[in-house]
$ cat final-v1.txt   # compact mmCIF, C-alpha atoms
# COMPACT_ATOMS: atom_id res chain seq x y z
CA MET I 1 56.72 138.39 130.63
CA SER I 2 59.32 137.41 128.03
CA ARG I 3 62.49 139.50 127.96
CA VAL I 4 63.33 140.38 124.35
CA ALA I 5 66.78 141.53 123.23
CA ILE I 6 67.25 143.56 120.04
CA VAL I 7 70.23 142.93 117.77
CA THR I 8 71.25 144.63 114.55
CA ASP I 9 74.36 145.09 112.40
CA SER I 10 76.52 148.13 111.81
CA ALA I 11 74.86 148.93 108.47
CA SER I 12 72.13 150.46 110.66
CA ASP I 13 74.54 153.36 111.32
CA LEU I 14 73.52 153.51 114.97
CA PRO I 15 76.55 154.86 116.84
CA ALA I 16 77.67 152.90 119.88
CA GLU I 17 76.33 155.38 122.41
CA ARG I 18 72.89 155.57 120.76
CA ALA I 19 72.65 151.80 120.49
CA ALA I 20 73.71 151.35 124.12
CA ALA I 21 71.15 153.91 125.31
CA ALA I 22 68.43 151.97 123.48
CA GLY I 23 69.66 148.60 124.75
CA VAL I 24 70.60 147.41 121.25
CA THR I 25 73.47 145.04 120.45
CA VAL I 26 75.32 145.87 117.21
CA VAL I 27 77.26 143.23 115.26
CA PRO I 28 79.95 144.91 113.13
CA LEU I 29 80.42 144.40 109.42
CA LEU I 30 83.95 144.49 108.04
CA VAL I 31 85.58 147.23 105.97
CA THR I 32 88.97 146.97 104.30
CA PHE I 33 91.32 149.63 102.98
CA GLY I 34 93.90 147.80 100.92
CA GLU I 35 95.35 145.10 103.17
CA ARG I 36 93.94 146.57 106.38
CA GLU I 37 90.69 145.20 107.76
CA PHE I 38 88.56 146.85 110.41
CA LYS I 39 85.36 146.08 112.31
CA ALA I 40 83.00 148.94 111.53
CA GLY I 41 82.38 151.11 114.56
CA VAL I 42 84.65 148.97 116.73
CA ASP I 43 88.25 149.49 115.66
CA MET I 44 87.39 152.12 113.05
CA SER I 45 85.27 155.05 114.17
CA TYR I 46 82.90 156.83 111.81
CA GLU I 47 85.11 159.93 111.83
CA ASP I 48 88.25 157.87 111.13
CA PHE I 49 86.49 156.20 108.21
CA TRP I 50 85.73 159.50 106.47
CA ARG I 51 89.26 160.77 107.05
CA GLU I 52 90.61 157.57 105.52
CA LEU I 53 88.19 157.63 102.58
CA THR I 54 89.00 161.20 101.60
CA ALA I 55 92.79 160.98 102.15
CA PRO I 56 94.82 161.58 98.97
CA GLY I 57 95.62 158.30 97.24
CA ALA I 58 93.52 156.22 99.63
CA PRO I 59 92.50 152.78 98.25
CA PHE I 60 88.81 152.28 97.56
CA PRO I 61 87.29 150.56 100.62
CA LYS I 62 85.44 147.27 100.43
CA THR I 63 82.82 145.98 102.82
CA ALA I 64 82.08 142.42 103.89
CA ALA I 65 79.22 140.83 105.79
CA ALA I 66 79.55 139.91 109.43
CA ALA I 67 80.32 136.20 109.88
CA PRO I 68 77.77 133.79 111.36
CA GLY I 69 80.07 133.32 114.33
CA ALA I 70 79.84 137.01 115.21
CA PHE I 71 76.05 136.76 115.42
CA LYS I 72 76.24 133.49 117.36
CA ASP I 73 78.56 135.09 119.92
CA ALA I 74 76.17 138.02 120.30
CA PHE I 75 73.14 135.75 120.66
CA GLU I 76 74.86 133.54 123.24
CA GLY I 77 75.94 136.55 125.27
CA LEU I 78 72.40 137.91 125.42
CA PHE I 79 70.87 134.59 126.44
CA ALA I 80 73.55 134.34 129.14
CA GLN I 81 72.28 137.70 130.43
CA GLY I 82 68.83 136.18 130.91
CA TYR I 83 66.97 137.23 127.78
CA ASP I 84 64.28 134.82 126.57
CA GLU I 85 64.02 135.92 122.94
CA ILE I 86 66.07 137.83 120.38
CA VAL I 87 64.83 139.95 117.47
CA CYS I 88 67.69 140.53 115.01
CA ILE I 89 67.00 143.21 112.39
CA ASN I 90 69.50 143.27 109.55
CA VAL I 91 70.52 145.26 106.49
CA GLY I 92 68.50 144.31 103.42
CA SER I 93 69.28 140.84 102.08
CA LYS I 94 69.54 142.21 98.53
CA LEU I 95 72.26 144.60 99.68
CA SER I 96 74.45 142.36 101.84
CA ALA I 97 75.03 138.73 102.85
CA THR I 98 74.74 139.77 106.49
CA MET I 99 71.12 138.59 106.70
CA ALA I 100 72.23 135.12 105.58
CA SER I 101 74.91 135.06 108.29
CA ALA I 102 72.34 135.89 110.96
CA LYS I 103 70.12 133.06 109.74
CA VAL I 104 73.02 130.59 109.87
CA ALA I 105 73.71 131.67 113.45
CA ARG I 106 70.05 131.13 114.31
CA GLU I 107 70.20 127.62 112.85
CA MET I 108 73.19 126.88 115.09
CA MET I 109 70.90 127.48 118.09
CA PRO I 110 67.67 125.66 117.16
CA ASP I 111 66.43 125.44 120.75
CA ARG I 112 66.41 129.23 121.18
CA ALA I 113 63.78 131.82 120.23
CA ILE I 114 65.60 133.94 117.64
CA HIS I 115 63.70 136.02 115.08
CA VAL I 116 65.77 137.23 112.10
CA VAL I 117 64.17 140.13 110.21
CA ASP I 118 65.11 141.59 106.82
CA SER I 119 64.78 145.36 107.12
CA GLU I 120 64.88 145.67 103.30
CA SER I 121 66.76 148.89 104.03
CA ALA I 122 70.07 150.23 105.30
CA THR I 123 71.57 153.07 107.32
CA LEU I 124 68.91 154.79 109.43
CA GLY I 125 66.09 153.16 107.45
CA GLN I 126 67.22 150.02 109.20
CA GLY I 127 68.20 152.00 112.30
CA LEU I 128 64.78 153.55 112.90
CA LEU I 129 63.18 150.10 112.72
CA VAL I 130 65.71 148.90 115.28
CA LEU I 131 64.95 151.81 117.61
CA LEU I 132 61.22 151.13 117.20
CA ALA I 133 61.79 147.47 118.07
CA ALA I 134 63.85 148.43 121.13
CA GLN I 135 61.05 150.69 122.32
CA ARG I 136 58.52 147.90 121.94
CA ALA I 137 60.81 145.52 123.83
CA ARG I 138 60.97 148.00 126.72
CA GLU I 139 57.17 148.15 126.65
CA GLY I 140 57.07 144.38 127.21
CA LYS I 141 55.99 143.26 123.73
CA SER I 142 56.80 139.69 122.71
CA GLY I 143 59.25 138.83 119.97
CA ALA I 144 56.42 137.89 117.62
CA GLU I 145 54.59 141.17 118.28
CA ILE I 146 57.75 143.18 117.60
CA VAL I 147 58.45 141.29 114.38
CA ASN I 148 54.89 141.80 113.17
CA GLU I 149 55.09 145.55 113.69
CA VAL I 150 58.51 145.89 112.07
CA GLU I 151 57.40 143.84 109.05
CA ARG I 152 54.31 146.00 108.66
CA ARG I 153 55.94 149.38 109.08
CA LYS I 154 59.18 148.85 107.15
CA HIS I 155 57.23 149.38 103.93
CA THR I 156 56.14 152.86 105.07
CA LEU I 157 59.67 154.22 105.52
CA GLY I 158 60.73 157.18 103.42
CA LEU I 159 64.49 157.26 102.73
CA TYR I 160 66.12 159.68 100.28
CA LEU I 161 69.78 160.59 99.86
CA ALA I 162 71.39 163.17 97.61
CA LEU I 163 74.76 162.04 96.28
CA GLU I 164 77.65 163.94 94.78
CA THR I 165 78.10 161.06 92.31
CA LEU I 166 76.94 157.49 91.62
CA GLU I 167 80.56 156.39 91.24
CA TYR I 168 80.77 154.87 94.72
CA LEU I 169 77.59 152.84 94.26
CA LYS I 170 78.99 151.57 90.96
CA ARG I 171 82.35 150.62 92.47
CA GLY I 172 80.63 148.80 95.29
CA GLY I 173 78.49 146.83 92.83
CA ARG I 174 75.20 148.27 94.10
CA ILE I 175 74.21 149.68 90.70
CA SER I 176 75.31 148.87 87.17
CA PRO I 177 77.98 150.89 85.33
CA ALA I 178 75.35 151.87 82.75
CA ARG I 179 73.05 153.35 85.37
CA ALA I 180 75.98 155.13 87.01
CA ALA I 181 77.01 156.61 83.64
CA ILE I 182 73.53 158.02 83.10
CA GLY I 183 73.58 159.60 86.55
CA ASN I 184 77.01 161.13 86.15
CA VAL I 185 76.38 163.07 82.94
CA LEU I 186 75.56 166.76 82.83
CA SER I 187 76.67 167.38 86.45
CA VAL I 188 73.66 165.50 87.79
CA LYS I 189 73.27 165.28 91.57
CA PRO I 190 71.44 161.96 91.85
CA ILE I 191 68.88 161.25 94.56
CA ILE I 192 68.59 157.62 95.59
CA THR I 193 66.13 155.63 97.64
CA ILE I 194 65.63 151.98 98.57
CA GLU I 195 62.58 150.24 97.13
CA ASP I 196 61.82 146.59 97.87
CA GLY I 197 65.32 146.26 99.29
CA VAL I 198 67.08 147.57 96.16
CA VAL I 199 68.84 150.90 95.58
CA GLU I 200 66.94 152.96 93.01
CA THR I 201 67.48 156.40 91.50
CA ALA I 202 64.57 158.58 92.59
CA ASP I 203 65.49 161.70 90.60
CA LYS I 204 68.39 163.36 88.78
CA PRO I 205 68.40 167.13 89.43
CA ARG I 206 71.27 169.03 87.83
CA THR I 207 72.38 171.35 90.62
CA ARG I 208 73.00 171.05 94.33
CA GLY I 209 70.29 173.60 95.07
CA LYS I 210 67.69 171.71 93.05
CA ALA I 211 68.77 168.44 94.64
CA ARG I 212 68.29 169.84 98.14
CA ALA I 213 64.85 171.21 97.31
CA ARG I 214 63.83 167.91 95.74
CA VAL I 215 65.05 165.83 98.69
CA LEU I 216 63.00 168.00 101.03
CA GLU I 217 59.98 167.62 98.77
CA LEU I 218 60.34 163.83 98.68
CA LEU I 219 60.65 163.72 102.46
CA SER I 220 57.43 165.61 103.10
CA THR I 221 54.91 163.63 105.15
CA ALA I 222 51.83 164.57 107.13
CA SER I 223 52.47 162.63 110.33
CA PRO I 224 56.05 161.57 111.08
CA GLU I 225 56.75 159.51 114.18
CA MET I 226 60.54 159.50 113.84
CA ILE I 227 62.96 161.51 111.69
CA ALA I 228 66.68 160.90 111.29
CA VAL I 229 68.98 163.09 109.21
CA ILE I 230 72.00 161.24 107.79
CA HIS I 231 75.11 162.45 106.01
CA GLY I 232 78.71 161.82 105.02
CA GLN I 233 80.59 164.97 105.96
CA ALA I 234 77.99 167.10 104.14
CA GLU I 235 77.93 170.89 104.44
CA ASP I 236 75.20 172.76 106.35
CA ILE I 237 73.59 169.60 107.66
CA GLU I 238 72.14 171.51 110.64
CA GLY I 239 70.40 173.86 108.23
CA PHE I 240 68.99 170.93 106.30
CA ALA I 241 67.67 169.41 109.55
CA ASP I 242 66.07 172.75 110.46
CA GLU I 243 64.29 172.93 107.10
CA LEU I 244 63.13 169.31 107.30
CA ALA I 245 61.70 169.72 110.79
CA LYS I 246 59.90 172.95 109.88
CA GLN I 247 58.48 171.48 106.68
CA ASN I 248 57.06 168.44 108.50
CA LYS I 249 55.91 170.40 111.58
CA PHE I 250 58.10 168.15 113.70
CA PRO I 251 59.99 169.19 116.86
CA ARG I 252 63.52 170.12 115.82
CA ASP I 253 65.00 168.75 119.04
CA GLN I 254 63.66 165.32 118.10
CA VAL I 255 65.44 165.26 114.73
CA ALA I 256 68.70 163.43 115.37
CA ILE I 257 71.64 163.85 112.99
CA TYR I 258 73.69 160.73 112.25
CA LEU I 259 76.99 160.35 110.46
CA ILE I 260 76.92 157.51 107.93
CA GLY I 261 79.45 154.90 108.98
CA PRO I 262 82.00 152.51 107.46
CA SER I 263 79.42 149.89 106.49
CA VAL I 264 77.40 152.18 104.19
CA GLY I 265 79.76 155.09 103.47
CA PRO I 266 81.86 153.23 100.87
CA HIS I 267 78.75 152.97 98.70
CA THR I 268 77.58 156.58 99.00
CA GLY I 269 80.84 158.53 99.01
CA PRO I 270 81.52 161.86 100.73
CA GLY I 271 79.09 164.77 100.63
CA VAL I 272 76.00 162.56 100.77
CA TYR I 273 73.05 163.79 102.84
CA GLY I 274 69.37 163.09 103.32
CA ALA I 275 67.00 161.66 105.85
CA VAL I 276 64.72 158.83 106.84
CA ILE I 277 61.16 159.31 108.03
CA LEU I 278 59.03 156.69 109.76
CA PRO I 279 55.38 157.79 109.59
CA LYS I 280 53.01 157.18 112.47
CA ALA I 281 51.23 153.84 112.33
$ encode --input "final-v1.txt" --output "structure tokens"
Amino acid sequence: MSRVAIVTDSASDLPAERAAAAGVTVVPLLVTFGEREFKAGVDMSYEDFWRELTAPGAPFPKTAAAAPGAFKDAFEGLFAQGYDEIVCINVGSKLSATMASAKVAREMMPDRAIHVVDSESATLGQGLLVLLAAQRAREGKSGAEIVNEVERRKHTLGLYLALETLEYLKRGGRISPARAAIGNVLSVKPIITIEDGVVETADKPRTRGKARARVLELLSTASPEMIAVIHGQAEDIEGFADELAKQNKFPRDQVAIYLIGPSVGPHTGPGVYGAVILPKA
């Protein structure tokens, strides 16, 4: 039986302890505040990132893709541990150059079985696919079988986030200034999603209460397999998770709450919250 290792990048927002428990290797993206550069989740924790972002006068952070060499080092280390194949699931290629770096690393090792997969998502949209892949690897599935399932099920993901503002997405170049301007008028609390690997505005409710109700409505599904709540220092996130679990008739103790990290947080800004649901196959 082939031993398959699972690799992802830090835009998956899987914290180190969760990734380690699942047997997943995480390659960090880079985040810079002014002249200072950090490896996301390595020498800048998620909590430190939010403190830095919200500090008075803090420079706007920038993110950069992981280099091909970082993926190559990770791949080589896993093969040295005796793995036969690697499935590397990355942040959407339309959102970051990280996918391209992983492909370059694969091309540096042409004699090895390395599958590079575009999640067409980010944060726990990507992360749930990674956890699914890790579970299949533990069950003894081959690399090709894992890739086939991830490719099939990534299009069923439901991901919705309520933002305080579209300003951070605009600054990070993920949406146009014109679209950000539309979202920022009249105290709108925009709700975003990712469709075909691109950030889209799903709705534009005008109050926080309406935004919360709409996010819950959009995240309603008949048969969830996995649910992950995600946020950036949002208020009452436990209450939101309680409501989401009850609405979807899903065990509350299986709804994990994740803090958005340094790879994605610069694009969402503080106060963001929402969830990702992977329906049953």
$ atom_distance --input "final-v1.txt" --atom1 "CA of Gly57 in chain I" --atom2 "CA of Glu167 in chain I"
16.3 Å
$ closest_residue --input "final-v1.txt" --among "I:Val130, I:Ala122, I:Ala102, I:Ile146" --to "Gly197 in chain I" --atoms "all atoms listed in the file"
I:Ala122
$ residues_around --input "final-v1.txt" --residues "Pro266 in chain I" --least-positions-apart "6" --cutoff "7 Å" --atoms "only C-alpha atoms" --output "list of chain:residue names"
I:Pro61, I:Lys62, I:Tyr168
$ residues_around --input "final-v1.txt" --residues "range 252-265 of chain I" --least-positions-apart "4" --cutoff "6 Å" --atoms "all atoms listed in the file" --output "mmCIF file with C-alpha atoms, in the coordinates of the input"
data_model
loop_
_atom_site.group_PDB
_atom_site.id
_atom_site.type_symbol
_atom_site.label_atom_id
_atom_site.label_comp_id
_atom_site.auth_asym_id
_atom_site.auth_seq_id
_atom_site.Cartn_x
_atom_site.Cartn_y
_atom_site.Cartn_z
ATOM 1 C CA ALA I 11 74.860 148.930 108.470
ATOM 2 C CA ASP I 13 74.540 153.360 111.320
ATOM 3 C CA ALA I 40 83.000 148.940 111.530
ATOM 4 C CA TYR I 46 82.900 156.830 111.810
ATOM 5 C CA PHE I 49 86.490 156.200 108.210
ATOM 6 C CA ILE I 227 62.960 161.510 111.690
ATOM 7 C CA ALA I 228 66.680 160.900 111.290
ATOM 8 C CA VAL I 229 68.980 163.090 109.210
ATOM 9 C CA ILE I 230 72.000 161.240 107.790
ATOM 10 C CA HIS I 231 75.110 162.450 106.010
ATOM 11 C CA GLY I 232 78.710 161.820 105.020
ATOM 12 C CA ALA I 245 61.700 169.720 110.790
ATOM 13 C CA GLY I 269 80.840 158.530 99.010
#
$ closest_residue --input "final-v1.txt" --among "I:Thr98, I:Thr8, I:Ser121, I:Gln247" --to "Ala222 in chain I" --atoms "all atoms listed in the file"
I:Gln247
$ residues_around --input "final-v1.txt" --residues "Phe240 in chain I" --least-positions-apart "3" --cutoff "9 Å" --atoms "only C-alpha atoms" --output "list in words"
Arg212, Leu216, Val229, Asp236, Ile237, Glu243, Leu244, Ala245, Tyr273 and Gly274 of chain I
$ atom_distance --input "final-v1.txt" --atom1 "CA of Ala202 in chain I" --atom2 "CA of Ala275 in chain I"
13.8 Å
$ residues_near_point --input "final-v1.txt" --point "(64.2, 169.4, 95.5)" --cutoff "12 Å" --atoms "only C-alpha atoms" --output "VMD selection string"
chain I and resid 160 to 162 189 to 191 202 to 220 240 244 274
$ atom_distance --input "final-v1.txt" --atom1 "CA of Asn248 in chain I" --atom2 "CA of Ile277 in chain I"
10.0 Å
$ closest_residue --input "final-v1.txt" --among "I:Ala67, I:Met226, I:Val42, I:Leu29" --to "Leu132 in chain I" --atoms "all atoms listed in the file"
I:Met226
$ closest_residue --input "final-v1.txt" --among "I:Met109, I:Ile6, I:Leu78, I:Leu95" --to "Asp196 in chain I" --atoms "only C-alpha atoms"
I:Leu95
$ residues_around --input "final-v1.txt" --residues "Ala97 in chain I" --least-positions-apart "2" --cutoff "6 Å" --atoms "only C-alpha atoms" --output "VMD selection string"
chain I and resid 65 99 to 100
$ residues_around --input "final-v1.txt" --residues "range 136-141 of chain I" --least-positions-apart "6" --cutoff "10 Å" --atoms "only C-alpha atoms" --output "PyMOL selection string"
chain I and resi 1-6+22-23+86-87+130+147+149
$ write_last_selection --input "final-v1.txt" --atoms "C-alpha atoms" --output "PDB file, in the coordinates of the input"
ATOM      1  CA  MET I   1      56.720 138.390 130.630  1.00  0.00           C
ATOM      2  CA  SER I   2      59.320 137.410 128.030  1.00  0.00           C
ATOM      3  CA  ARG I   3      62.490 139.500 127.960  1.00  0.00           C
ATOM      4  CA  VAL I   4      63.330 140.380 124.350  1.00  0.00           C
ATOM      5  CA  ALA I   5      66.780 141.530 123.230  1.00  0.00           C
ATOM      6  CA  ILE I   6      67.250 143.560 120.040  1.00  0.00           C
ATOM      7  CA  ALA I  22      68.430 151.970 123.480  1.00  0.00           C
ATOM      8  CA  GLY I  23      69.660 148.600 124.750  1.00  0.00           C
ATOM      9  CA  ILE I  86      66.070 137.830 120.380  1.00  0.00           C
ATOM     10  CA  VAL I  87      64.830 139.950 117.470  1.00  0.00           C
ATOM     11  CA  VAL I 130      65.710 148.900 115.280  1.00  0.00           C
ATOM     12  CA  VAL I 147      58.450 141.290 114.380  1.00  0.00           C
ATOM     13  CA  GLU I 149      55.090 145.550 113.690  1.00  0.00           C
TER      14      GLU I 149
END
$ residues_near_point --input "final-v1.txt" --point "(79.9, 137.5, 116.2)" --cutoff "10 Å" --atoms "all atoms listed in the file" --output "PyMOL selection string"
chain I and resi 26-29+66-77+101-102+105
$ write_last_selection --input "final-v1.txt" --atoms "C-alpha atoms" --output "compact mmCIF listing (two decimals), in the frame of the given file"
# COMPACT_ATOMS: atom_id res chain seq x y z
CA VAL I 26 75.32 145.87 117.21
CA VAL I 27 77.26 143.23 115.26
CA PRO I 28 79.95 144.91 113.13
CA LEU I 29 80.42 144.40 109.42
CA ALA I 66 79.55 139.91 109.43
CA ALA I 67 80.32 136.20 109.88
CA PRO I 68 77.77 133.79 111.36
CA GLY I 69 80.07 133.32 114.33
CA ALA I 70 79.84 137.01 115.21
CA PHE I 71 76.05 136.76 115.42
CA LYS I 72 76.24 133.49 117.36
CA ASP I 73 78.56 135.09 119.92
CA ALA I 74 76.17 138.02 120.30
CA PHE I 75 73.14 135.75 120.66
CA GLU I 76 74.86 133.54 123.24
CA GLY I 77 75.94 136.55 125.27
CA SER I 101 74.91 135.06 108.29
CA ALA I 102 72.34 135.89 110.96
CA ALA I 105 73.71 131.67 113.45
